[in-house]
Every structure is written in C-alpha cells, then in structure tokens.
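**Student:** My file is entry32.txt. It has compact mmCIF, N, CA and C atoms and all ligand atoms:
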```
# COMPACT_ATOMS: atom_id res chain seq x y z
N MET A 1 74.45 93.74 80.19
CA MET A 1 74.02 94.84 79.29
C MET A 1 74.74 96.13 79.68
N THR A 2 75.47 96.70 78.74
CA THR A 2 76.15 97.95 79.02
C THR A 2 75.18 99.11 78.95
N ILE A 3 75.62 100.25 79.45
CA ILE A 3 74.76 101.43 79.42
C ILE A 3 74.43 101.82 77.98
N SER A 4 75.42 101.71 77.09
CA SER A 4 75.18 102.03 75.68
C SER A 4 74.11 101.14 75.08
N GLU A 5 74.11 99.86 75.47
CA GLU A 5 73.10 98.93 74.96
C GLU A 5 71.72 99.29 75.50
N LYS A 6 71.65 99.72 76.77
CA LYS A 6 70.37 100.14 77.33
C LYS A 6 69.85 101.38 76.61
N VAL A 7 70.78 102.33 76.35
CA VAL A 7 70.39 103.55 75.64
C VAL A 7 69.89 103.21 74.23
N ALA A 8 70.57 102.25 73.58
CA ALA A 8 70.14 101.84 72.24
C ALA A 8 68.74 101.23 72.29
N TYR A 9 68.46 100.50 73.39
CA TYR A 9 67.13 99.91 73.57
C TYR A 9 66.07 101.00 73.69
N ILE A 10 66.39 102.06 74.52
CA ILE A 10 65.46 103.18 74.68
C ILE A 10 65.28 103.92 73.35
N GLN A 11 66.40 104.03 72.62
CA GLN A 11 66.34 104.66 71.30
C GLN A 11 65.36 103.92 70.38
N GLY A 12 65.40 102.57 70.50
CA GLY A 12 64.49 101.75 69.70
C GLY A 12 63.03 102.02 70.05
N LEU A 13 62.76 102.12 71.39
CA LEU A 13 61.40 102.43 71.84
C LEU A 13 60.96 103.79 71.30
N PHE A 14 61.91 104.74 71.39
CA PHE A 14 61.66 106.10 70.93
C PHE A 14 61.30 106.11 69.45
N ASP A 15 62.14 105.38 68.67
CA ASP A 15 61.90 105.32 67.23
C ASP A 15 60.56 104.65 66.93
N GLY A 16 60.18 103.65 67.82
CA GLY A 16 58.94 102.90 67.61
C GLY A 16 57.70 103.78 67.75
N LEU A 17 57.85 104.88 68.48
CA LEU A 17 56.71 105.78 68.68
C LEU A 17 56.40 106.57 67.41
N GLY A 18 57.38 106.65 66.51
CA GLY A 18 57.19 107.38 65.26
C GLY A 18 57.03 108.87 65.46
N LEU A 19 57.71 109.40 66.53
CA LEU A 19 57.59 110.83 66.81
C LEU A 19 58.48 111.62 65.86
N ASP A 20 58.09 112.83 65.59
CA ASP A 20 58.87 113.73 64.73
C ASP A 20 59.90 114.46 65.58
N LYS A 21 61.18 114.10 65.38
CA LYS A 21 62.26 114.66 66.21
C LYS A 21 62.46 116.15 65.96
N GLU A 22 62.09 116.61 64.80
CA GLU A 22 62.35 118.00 64.44
C GLU A 22 61.26 118.94 64.96
N ARG A 23 60.14 118.37 65.37
CA ARG A 23 59.04 119.22 65.80
C ARG A 23 59.24 119.68 67.23
N PRO A 24 59.11 121.00 67.51
CA PRO A 24 59.26 121.49 68.88
C PRO A 24 58.24 120.84 69.80
N GLY A 25 58.68 120.55 71.05
CA GLY A 25 57.75 119.92 71.99
C GLY A 25 58.41 118.75 72.69
N GLU A 26 57.61 117.85 73.26
CA GLU A 26 58.11 116.73 74.05
C GLU A 26 59.03 115.81 73.27
N ALA A 27 58.70 115.52 72.01
CA ALA A 27 59.52 114.63 71.20
C ALA A 27 60.92 115.21 71.03
N ARG A 28 60.98 116.51 70.83
CA ARG A 28 62.26 117.20 70.66
C ARG A 28 63.11 117.07 71.94
N ILE A 29 62.46 117.28 73.09
CA ILE A 29 63.16 117.17 74.38
C ILE A 29 63.66 115.74 74.59
N LEU A 30 62.81 114.76 74.31
CA LEU A 30 63.20 113.35 74.47
C LEU A 30 64.40 113.03 73.60
N PHE A 31 64.40 113.57 72.36
CA PHE A 31 65.50 113.32 71.44
C PHE A 31 66.81 113.87 72.01
N GLU A 32 66.75 115.11 72.57
CA GLU A 32 67.95 115.72 73.14
C GLU A 32 68.45 114.93 74.35
N VAL A 33 67.49 114.51 75.20
CA VAL A 33 67.86 113.72 76.39
C VAL A 33 68.52 112.41 75.96
N LEU A 34 67.96 111.77 74.94
CA LEU A 34 68.50 110.52 74.42
C LEU A 34 69.92 110.72 73.89
N ASP A 35 70.14 111.88 73.26
CA ASP A 35 71.45 112.20 72.70
C ASP A 35 72.48 112.29 73.83
N VAL A 36 72.09 112.96 74.94
CA VAL A 36 73.00 113.08 76.09
C VAL A 36 73.27 111.71 76.69
N LEU A 37 72.20 110.88 76.80
CA LEU A 37 72.37 109.53 77.36
C LEU A 37 73.34 108.70 76.53
N LYS A 38 73.25 108.85 75.19
CA LYS A 38 74.12 108.09 74.30
C LYS A 38 75.59 108.45 74.55
N GLU A 39 75.84 109.77 74.64
CA GLU A 39 77.22 110.23 74.84
C GLU A 39 77.75 109.79 76.22
N ALA A 40 76.88 109.93 77.25
CA ALA A 40 77.28 109.52 78.60
C ALA A 40 77.55 108.02 78.63
N GLY A 41 76.70 107.25 77.95
CA GLY A 41 76.86 105.80 77.91
C GLY A 41 78.17 105.40 77.27
N GLN A 42 78.51 106.06 76.15
CA GLN A 42 79.77 105.74 75.47
C GLN A 42 80.96 106.03 76.37
N ARG A 43 80.89 107.17 77.07
CA ARG A 43 82.02 107.52 77.95
C ARG A 43 82.15 106.54 79.11
N LEU A 44 81.01 106.16 79.70
CA LEU A 44 81.04 105.22 80.83
C LEU A 44 81.56 103.86 80.38
N ASP A 45 81.14 103.42 79.18
CA ASP A 45 81.64 102.15 78.67
C ASP A 45 83.15 102.22 78.45
N GLY A 46 83.61 103.38 77.96
CA GLY A 46 85.05 103.56 77.78
C GLY A 46 85.78 103.49 79.10
N MET A 47 85.16 104.07 80.15
CA MET A 47 85.78 104.03 81.47
C MET A 47 85.79 102.61 82.01
N ASP A 48 84.71 101.85 81.75
CA ASP A 48 84.68 100.45 82.19
C ASP A 48 85.83 99.68 81.57
N ALA A 49 86.03 99.89 80.25
CA ALA A 49 87.11 99.19 79.56
C ALA A 49 88.46 99.59 80.13
N ALA A 50 88.60 100.90 80.42
CA ALA A 50 89.86 101.38 81.00
C ALA A 50 90.08 100.78 82.37
N MET A 51 89.00 100.66 83.18
CA MET A 51 89.12 100.07 84.51
C MET A 51 89.50 98.60 84.42
N ASP A 52 88.94 97.90 83.40
CA ASP A 52 89.31 96.49 83.21
C ASP A 52 90.80 96.36 82.93
N ARG A 53 91.28 97.23 82.01
CA ARG A 53 92.72 97.19 81.68
C ARG A 53 93.55 97.52 82.91
N PHE A 54 93.08 98.52 83.67
CA PHE A 54 93.79 98.93 84.89
C PHE A 54 93.86 97.76 85.88
N GLY A 55 92.73 97.03 86.00
CA GLY A 55 92.70 95.88 86.91
C GLY A 55 93.67 94.80 86.49
N GLU A 56 93.76 94.56 85.16
CA GLU A 56 94.70 93.55 84.67
C GLU A 56 96.13 93.97 84.96
N GLU A 57 96.42 95.27 84.72
CA GLU A 57 97.78 95.75 84.97
C GLU A 57 98.12 95.67 86.45
N LEU A 58 97.09 95.92 87.30
CA LEU A 58 97.29 95.84 88.75
C LEU A 58 97.64 94.41 89.16
N ASP A 59 96.93 93.43 88.54
CA ASP A 59 97.23 92.03 88.83
C ASP A 59 98.66 91.68 88.44
N GLU A 60 99.08 92.16 87.25
CA GLU A 60 100.44 91.88 86.79
C GLU A 60 101.45 92.50 87.75
N LEU A 61 101.14 93.74 88.19
CA LEU A 61 102.03 94.44 89.12
C LEU A 61 102.15 93.67 90.43
N ARG A 62 101.00 93.13 90.89
CA ARG A 62 100.98 92.38 92.14
C ARG A 62 101.86 91.13 92.01
N ASP A 63 101.75 90.44 90.85
CA ASP A 63 102.58 89.26 90.60
C ASP A 63 104.06 89.64 90.64
N THR A 64 104.38 90.79 90.01
CA THR A 64 105.77 91.23 89.96
C THR A 64 106.30 91.49 91.36
N VAL A 65 105.46 92.12 92.20
CA VAL A 65 105.87 92.43 93.57
C VAL A 65 106.14 91.13 94.33
N VAL A 66 105.26 90.13 94.14
CA VAL A 66 105.45 88.84 94.82
C VAL A 66 106.77 88.20 94.38
N ASP A 67 107.05 88.26 93.05
CA ASP A 67 108.30 87.72 92.54
C ASP A 67 109.49 88.43 93.17
N LEU A 68 109.39 89.76 93.25
CA LEU A 68 110.49 90.55 93.82
C LEU A 68 110.70 90.20 95.29
N GLU A 69 109.58 90.01 96.02
CA GLU A 69 109.68 89.64 97.43
C GLU A 69 110.39 88.31 97.57
N ASP A 70 109.99 87.32 96.75
CA ASP A 70 110.63 86.01 96.79
C ASP A 70 112.12 86.15 96.53
N ALA A 71 112.47 86.91 95.48
CA ALA A 71 113.88 87.09 95.12
C ALA A 71 114.64 87.76 96.25
N ALA A 72 114.01 88.77 96.88
CA ALA A 72 114.67 89.50 97.96
C ALA A 72 114.93 88.59 99.15
N PHE A 73 113.92 87.77 99.53
CA PHE A 73 114.09 86.90 100.68
C PHE A 73 115.10 85.80 100.38
N ASP A 74 115.13 85.32 99.11
CA ASP A 74 116.11 84.30 98.74
C ASP A 74 117.52 84.82 98.93
N SER A 75 117.79 86.04 98.41
CA SER A 75 119.14 86.58 98.48
C SER A 75 119.52 86.87 99.92
N GLU A 76 118.49 87.21 100.76
CA GLU A 76 118.76 87.47 102.17
C GLU A 76 119.20 86.18 102.86
N ASP A 77 118.54 85.06 102.49
CA ASP A 77 118.93 83.77 103.04
C ASP A 77 120.38 83.46 102.68
N ASP A 78 120.77 83.76 101.43
CA ASP A 78 122.14 83.51 100.99
C ASP A 78 123.10 84.32 101.83
N ARG A 79 122.74 85.60 102.09
CA ARG A 79 123.60 86.45 102.87
C ARG A 79 123.77 85.91 104.29
N ASP A 80 122.66 85.42 104.87
CA ASP A 80 122.71 84.90 106.22
C ASP A 80 123.68 83.74 106.34
N SER A 81 123.68 82.85 105.34
CA SER A 81 124.52 81.67 105.42
C SER A 81 126.00 82.05 105.35
N ASP A 82 126.32 83.21 104.76
CA ASP A 82 127.71 83.65 104.67
C ASP A 82 128.11 84.49 105.88
N SER A 83 127.15 84.79 106.73
CA SER A 83 127.40 85.70 107.84
C SER A 83 128.24 85.06 108.93
N ASP A 84 128.83 85.91 109.78
CA ASP A 84 129.57 85.43 110.94
C ASP A 84 128.63 84.98 112.04
N TYR A 85 127.36 85.29 111.89
CA TYR A 85 126.40 84.99 112.93
C TYR A 85 125.68 83.68 112.64
N SER A 86 125.63 82.80 113.64
CA SER A 86 124.86 81.58 113.47
C SER A 86 123.40 81.90 113.73
N GLU A 87 122.55 80.87 113.65
CA GLU A 87 121.11 81.12 113.72
C GLU A 87 120.69 81.81 115.01
N ASP A 88 121.36 81.49 116.14
CA ASP A 88 120.97 82.11 117.39
C ASP A 88 121.81 83.34 117.68
N ASP A 89 122.36 83.94 116.63
CA ASP A 89 123.05 85.24 116.73
C ASP A 89 124.36 85.18 117.50
N ARG A 90 124.89 83.99 117.74
CA ARG A 90 126.17 83.94 118.45
C ARG A 90 127.31 84.24 117.48
N LEU A 91 128.32 84.92 117.99
CA LEU A 91 129.45 85.34 117.18
C LEU A 91 130.51 84.24 117.15
N GLN A 92 131.09 84.08 115.96
CA GLN A 92 132.13 83.07 115.83
C GLN A 92 133.41 83.77 115.40
N LEU A 93 134.50 83.49 116.12
CA LEU A 93 135.78 84.06 115.70
C LEU A 93 136.90 83.06 115.99
N PRO A 94 137.97 83.15 115.22
CA PRO A 94 139.05 82.17 115.37
C PRO A 94 139.91 82.45 116.60
N CYS A 95 140.34 81.37 117.27
CA CYS A 95 141.23 81.51 118.42
C CYS A 95 142.56 82.08 117.94
N PRO A 96 143.04 83.15 118.57
CA PRO A 96 144.31 83.79 118.15
C PRO A 96 145.50 82.86 118.34
N THR A 97 145.35 81.86 119.19
CA THR A 97 146.47 80.97 119.48
C THR A 97 146.49 79.73 118.57
N CYS A 98 145.34 78.99 118.56
CA CYS A 98 145.33 77.73 117.81
C CYS A 98 144.50 77.81 116.53
N GLY A 99 143.77 78.89 116.34
CA GLY A 99 143.00 79.04 115.10
C GLY A 99 141.66 78.35 115.10
N GLU A 100 141.32 77.66 116.18
CA GLU A 100 140.03 76.97 116.28
C GLU A 100 138.90 78.00 116.30
N ASP A 101 137.79 77.69 115.66
CA ASP A 101 136.65 78.60 115.70
C ASP A 101 136.04 78.62 117.09
N LEU A 102 135.94 79.78 117.67
CA LEU A 102 135.36 79.93 119.00
C LEU A 102 133.97 80.51 118.89
N LEU A 103 133.02 79.89 119.62
CA LEU A 103 131.65 80.39 119.63
C LEU A 103 131.48 81.31 120.83
N VAL A 104 131.17 82.57 120.57
CA VAL A 104 131.01 83.54 121.66
C VAL A 104 129.53 83.64 122.02
N ASP A 105 129.15 83.08 123.15
CA ASP A 105 127.74 83.12 123.55
C ASP A 105 127.46 84.35 124.42
N ASP A 106 126.22 84.50 124.83
CA ASP A 106 125.82 85.67 125.62
C ASP A 106 126.63 85.79 126.90
N GLU A 107 126.90 84.62 127.52
CA GLU A 107 127.64 84.61 128.78
C GLU A 107 129.04 85.20 128.58
N ALA A 108 129.70 84.75 127.50
CA ALA A 108 131.05 85.23 127.20
C ALA A 108 131.02 86.73 126.87
N LEU A 109 129.97 87.15 126.15
CA LEU A 109 129.84 88.56 125.79
C LEU A 109 129.69 89.42 127.04
N THR A 110 128.86 88.93 128.01
CA THR A 110 128.63 89.68 129.25
C THR A 110 129.92 89.78 130.06
N ALA A 111 130.65 88.65 130.13
CA ALA A 111 131.90 88.62 130.90
C ALA A 111 133.02 89.35 130.16
N GLY A 112 132.85 89.49 128.83
CA GLY A 112 133.90 90.12 128.03
C GLY A 112 135.11 89.21 127.90
N LEU A 113 134.86 87.91 128.11
CA LEU A 113 135.96 86.95 128.12
C LEU A 113 135.53 85.66 127.43
N VAL A 114 136.37 85.12 126.56
CA VAL A 114 136.06 83.85 125.93
C VAL A 114 137.22 82.89 126.17
N VAL A 115 136.85 81.63 126.49
CA VAL A 115 137.87 80.61 126.77
C VAL A 115 137.88 79.60 125.64
N CYS A 116 139.06 79.36 125.06
CA CYS A 116 139.17 78.40 123.97
C CYS A 116 139.13 76.98 124.54
N PRO A 117 138.19 76.15 124.08
CA PRO A 117 138.07 74.79 124.61
C PRO A 117 139.18 73.87 124.09
N VAL A 118 139.90 74.31 123.07
CA VAL A 118 140.93 73.46 122.48
C VAL A 118 142.28 73.67 123.16
N CYS A 119 142.72 74.94 123.21
CA CYS A 119 144.03 75.22 123.80
C CYS A 119 143.93 75.80 125.20
N GLY A 120 142.70 76.11 125.66
CA GLY A 120 142.52 76.60 127.02
C GLY A 120 142.86 78.07 127.20
N GLY A 121 143.20 78.75 126.13
CA GLY A 121 143.56 80.17 126.22
C GLY A 121 142.35 81.02 126.53
N LYS A 122 142.55 82.07 127.31
CA LYS A 122 141.48 83.02 127.62
C LYS A 122 141.74 84.32 126.87
N PHE A 123 140.67 84.87 126.32
CA PHE A 123 140.84 86.09 125.53
C PHE A 123 139.77 87.10 125.89
N ALA A 124 140.19 88.32 126.12
CA ALA A 124 139.23 89.38 126.38
C ALA A 124 138.60 89.79 125.05
N LEU A 125 137.30 90.06 125.12
CA LEU A 125 136.61 90.49 123.91
C LEU A 125 136.65 92.00 123.81
N SER A 126 136.95 92.48 122.63
CA SER A 126 136.97 93.92 122.42
C SER A 126 136.19 94.25 121.16
N PHE A 127 135.11 95.02 121.31
CA PHE A 127 134.31 95.43 120.15
C PHE A 127 134.35 96.94 119.97
N ASP A 128 135.46 97.52 120.45
CA ASP A 128 135.57 98.97 120.35
C ASP A 128 135.76 99.45 118.93
N ASP A 129 136.33 98.57 118.08
CA ASP A 129 136.53 99.00 116.70
C ASP A 129 136.13 97.89 115.74
N GLU A 130 136.42 98.08 114.48
CA GLU A 130 135.94 97.15 113.47
C GLU A 130 137.00 96.13 113.07
N ARG A 131 138.10 96.04 113.86
CA ARG A 131 139.13 95.07 113.50
C ARG A 131 138.59 93.65 113.59
N ASP A 132 139.21 92.72 112.90
CA ASP A 132 138.66 91.37 112.84
C ASP A 132 139.03 90.58 114.09
N GLY A 133 138.71 89.28 114.09
CA GLY A 133 138.88 88.43 115.26
C GLY A 133 140.28 88.43 115.83
N SER A 134 141.28 88.66 115.00
CA SER A 134 142.66 88.61 115.48
C SER A 134 142.98 89.79 116.39
N SER A 135 142.03 90.72 116.53
CA SER A 135 142.25 91.90 117.34
C SER A 135 142.01 91.63 118.83
N CYS A 136 141.58 90.41 119.16
CA CYS A 136 141.33 90.09 120.56
C CYS A 136 142.58 90.33 121.40
N GLU A 137 142.33 90.74 122.64
CA GLU A 137 143.45 91.05 123.52
C GLU A 137 144.33 89.83 123.75
N GLU A 138 145.51 90.06 124.27
CA GLU A 138 146.43 88.97 124.58
C GLU A 138 145.86 88.10 125.69
N ASP A 139 146.46 86.96 125.89
CA ASP A 139 146.08 86.05 126.97
C ASP A 139 145.96 86.81 128.30
N MET A 140 144.82 86.63 128.97
CA MET A 140 144.53 87.38 130.17
C MET A 140 145.39 86.95 131.36
N ASP A 141 145.98 85.83 131.26
CA ASP A 141 146.69 85.22 132.38
C ASP A 141 147.74 86.15 133.00
ZN ZN B 201 142.67 78.00 121.03
```
Using the file provided, produce a representation of the structure as structure tokens.

**Tutor:**
Amino acid sequence: MTISEKVAYIQGLFDGLGLDKERPGEARILFEVLDVLKEAGQRLDGMDAAMDRFGEELDELRDTVVDLEDAAFDSEDDRDSDSDYSEDDRLQLPCPTCGEDLLVDDEALTAGLVVCPVCGGKFALSFDDERDGSSCEEDMD
C-alpha cells in the first residue's frame, strides 16, 4: 500500500463522517491536513518511482562495469602474451652471436652476465638505455 493509497483510505473515512468541509472548526482543519497529506503522498510516491528507476539504472551501470573489467583483463592477457617477459618475469633476448633466444634469470641479472648455452658466448648485460637485445656488450673474453 502506497502512501497515496493510505491517504485515500483516510479520505474515505473522512467522507464517511459526513462532515461539512466548509464549516470553520475541526472538520475544516482535518480537511486541510488531509490535503497536505495527499500532496506529500503524491510526492513520496513519485520519489519511490524515481528511486526504482535509479536502482534499475544502477544495476545496468554495474553490469556495464563488469563487462568493461572483463574486456580490460582480456586485453591485458593478450598484451602479456606478446611481452618479452615470461610468466616468472625473466627477460628473453637473442644471442648476438648465434641468434638463439637467451633466458636472463635473476642470477644472470645480478652478475650482469649471461652465457649462451648454444654457442657458449658470454655477454655483459647493459640496461643503461632503451636499445634492444643487440646492444649487449661484446664477448667478455
Ligand atoms: Zn649464442
């Protein structure tokens, strides 16, 4: 039962009393109070309807955010697979001598030296600039 329906019910009781609304006194006051209740009820019902619409829009917005999150994480996965970094963050770069992909682990990073398992060449690691893998220093030998 909405507030407007409750007010209409009270209005019915009021009308049932057969009071003269135009006559000064209690009946007149009751009529004015009922009038205010009717207007307040209509406004509150309007707000309820607006809140319902707002709630529906909020649900739609929430769905949209979830979709966007899914899309964002999907594209991030795609980016990861194209990255130079493998899952455990190790760097991969081609051997300057034989071209074999070299995996640079933490140990090699700490030593600043990577040894190619294919051709046996040793290369100093240099991350001073943004040049690509071919920028590795010459054979340390
Ligand atoms: Zn090599």

**Student:** Please identify the residues whose atoms come within 7 Å of ligand ZN 201 (chain B), using only C-alpha atoms and all ligand atoms, and report them as number ranges by chain.

**Tutor:** A: 95-100, 116-121

**Student:** Pick from A:Gly41, A:Gly112, A:Gly16, A:Pro24: nearest to Ala124 in chain A, with all atoms listed in the file counted?

**Tutor:**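 Among the listed residues, A:Gly112 lies closest to Ala124 in chain A.
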
**Student:** Using backbone DSSP assignments, extract all helix (DSSP H, G or I) residues from range 6-136 of chain A; output them as number ranges by chain.

**Tutor:** A: 6-16, 26-82, 106-111, 133-135

**Student:** May I ask which of the residues A:Phe14, A:Ser4, A:Glu60, A:Asp70 is the closest one to Glu39 in chain A, counting all atoms listed in the file?

**Tutor:**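 Closest residue, counting all atoms listed in the file: A:Ser4.
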
**Student:** Between CA of Val7 in chain A and atom C of Lys38 in chain A, measure the distance and give it in Å to one decimal.

**Tutor:**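 We find that CA of Val7 in chain A and atom C of Lys38 in chain A lie 7.2 Å from each other.
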
**Student:** Might you pull out every residue within 10 Å of Ala40 in chain A, with only C-alpha atoms counted and same-chain residues fewer than 5 positions away left off, and present them as a list in words?

**Tutor:** Ile3, Ser4, Val7, Leu34, Asp35, Asp45 and Gly46 of chain A

**Student:** Using N, CA and C atoms, can you export the residues from the last selection as a tab-separated table (two decimals), in the frame of the given file?

**Tutor:**
```tsv
chain	number	residue	atom	x	y	z
A	3	ILE	N	75.62	100.25	79.45
A	3	ILE	CA	74.76	101.43	79.42
A	3	ILE	C	74.43	101.82	77.98
A	4	SER	N	75.42	101.71	77.09
A	4	SER	CA	75.18	102.03	75.68
A	4	SER	C	74.11	101.14	75.08
A	7	VAL	N	70.78	102.33	76.35
A	7	VAL	CA	70.39	103.55	75.64
A	7	VAL	C	69.89	103.21	74.23
A	34	LEU	N	67.96	111.77	74.94
A	34	LEU	CA	68.50	110.52	74.42
A	34	LEU	C	69.92	110.72	73.89
A	35	ASP	N	70.14	111.88	73.26
A	35	ASP	CA	71.45	112.20	72.70
A	35	ASP	C	72.48	112.29	73.83
A	45	ASP	N	81.14	103.42	79.18
A	45	ASP	CA	81.64	102.15	78.67
A	45	ASP	C	83.15	102.22	78.45
A	46	GLY	N	83.61	103.38	77.96
A	46	GLY	CA	85.05	103.56	77.78
A	46	GLY	C	85.78	103.49	79.10
```

**Student:** Rounded to one decimal place, report the CA of Arg53 in chain A-CA of Ala72 in chain A distance in Å.

**Tutor:**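 Between CA of Arg53 in chain A and CA of Ala72 in chain A the gap is 28.4 Å.
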
**Student:** Could you pull out the strand (DSSP E or B) residues of range 16-131 of chain A, going by DSSP on the backbone, and write them as a PDB file with N, CA and C atoms, in the frame of the given file?

**Tutor:**
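Generated file (selection38.pdb):
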```
ATOM      1  N   TYR A  85     127.360  85.290 111.890  1.00  0.00           N
ATOM      2  CA  TYR A  85     126.400  84.990 112.930  1.00  0.00           C
ATOM      3  C   TYR A  85     125.680  83.680 112.640  1.00  0.00           C
ATOM      4  N   LEU A  91     128.320  84.920 117.990  1.00  0.00           N
ATOM      5  CA  LEU A  91     129.450  85.340 117.180  1.00  0.00           C
ATOM      6  C   LEU A  91     130.510  84.240 117.150  1.00  0.00           C
ATOM      7  N   GLN A  92     131.090  84.080 115.960  1.00  0.00           N
ATOM      8  CA  GLN A  92     132.130  83.070 115.830  1.00  0.00           C
ATOM      9  C   GLN A  92     133.410  83.770 115.400  1.00  0.00           C
ATOM     10  N   LEU A  93     134.500  83.490 116.120  1.00  0.00           N
ATOM     11  CA  LEU A  93     135.780  84.060 115.700  1.00  0.00           C
ATOM     12  C   LEU A  93     136.900  83.060 115.990  1.00  0.00           C
ATOM     13  N   PRO A  94     137.970  83.150 115.220  1.00  0.00           N
ATOM     14  CA  PRO A  94     139.050  82.170 115.370  1.00  0.00           C
ATOM     15  C   PRO A  94     139.910  82.450 116.600  1.00  0.00           C
ATOM     16  N   ASP A 101     137.790  77.690 115.660  1.00  0.00           N
ATOM     17  CA  ASP A 101     136.650  78.600 115.700  1.00  0.00           C
ATOM     18  C   ASP A 101     136.040  78.620 117.090  1.00  0.00           C
ATOM     19  N   LEU A 102     135.940  79.780 117.670  1.00  0.00           N
ATOM     20  CA  LEU A 102     135.360  79.930 119.000  1.00  0.00           C
ATOM     21  C   LEU A 102     133.970  80.510 118.890  1.00  0.00           C
ATOM     22  N   LEU A 103     133.020  79.890 119.620  1.00  0.00           N
ATOM     23  CA  LEU A 103     131.650  80.390 119.630  1.00  0.00           C
ATOM     24  C   LEU A 103     131.480  81.310 120.830  1.00  0.00           C
ATOM     25  N   VAL A 104     131.170  82.570 120.570  1.00  0.00           N
ATOM     26  CA  VAL A 104     131.010  83.540 121.660  1.00  0.00           C
ATOM     27  C   VAL A 104     129.530  83.640 122.020  1.00  0.00           C
ATOM     28  N   LEU A 113     134.860  87.910 128.110  1.00  0.00           N
ATOM     29  CA  LEU A 113     135.960  86.950 128.120  1.00  0.00           C
ATOM     30  C   LEU A 113     135.530  85.660 127.430  1.00  0.00           C
ATOM     31  N   VAL A 114     136.370  85.120 126.560  1.00  0.00           N
ATOM     32  CA  VAL A 114     136.060  83.850 125.930  1.00  0.00           C
ATOM     33  C   VAL A 114     137.220  82.890 126.170  1.00  0.00           C
ATOM     34  N   VAL A 115     136.850  81.630 126.490  1.00  0.00           N
ATOM     35  CA  VAL A 115     137.870  80.610 126.770  1.00  0.00           C
ATOM     36  C   VAL A 115     137.880  79.600 125.640  1.00  0.00           C
ATOM     37  N   LYS A 122     142.550  82.070 127.310  1.00  0.00           N
ATOM     38  CA  LYS A 122     141.480  83.020 127.620  1.00  0.00           C
ATOM     39  C   LYS A 122     141.740  84.320 126.870  1.00  0.00           C
ATOM     40  N   PHE A 123     140.670  84.870 126.320  1.00  0.00           N
ATOM     41  CA  PHE A 123     140.840  86.090 125.530  1.00  0.00           C
ATOM     42  C   PHE A 123     139.770  87.100 125.890  1.00  0.00           C
ATOM     43  N   ALA A 124     140.190  88.320 126.120  1.00  0.00           N
ATOM     44  CA  ALA A 124     139.230  89.380 126.380  1.00  0.00           C
ATOM     45  C   ALA A 124     138.600  89.790 125.050  1.00  0.00           C
TER      46      ALA A 124
END
```
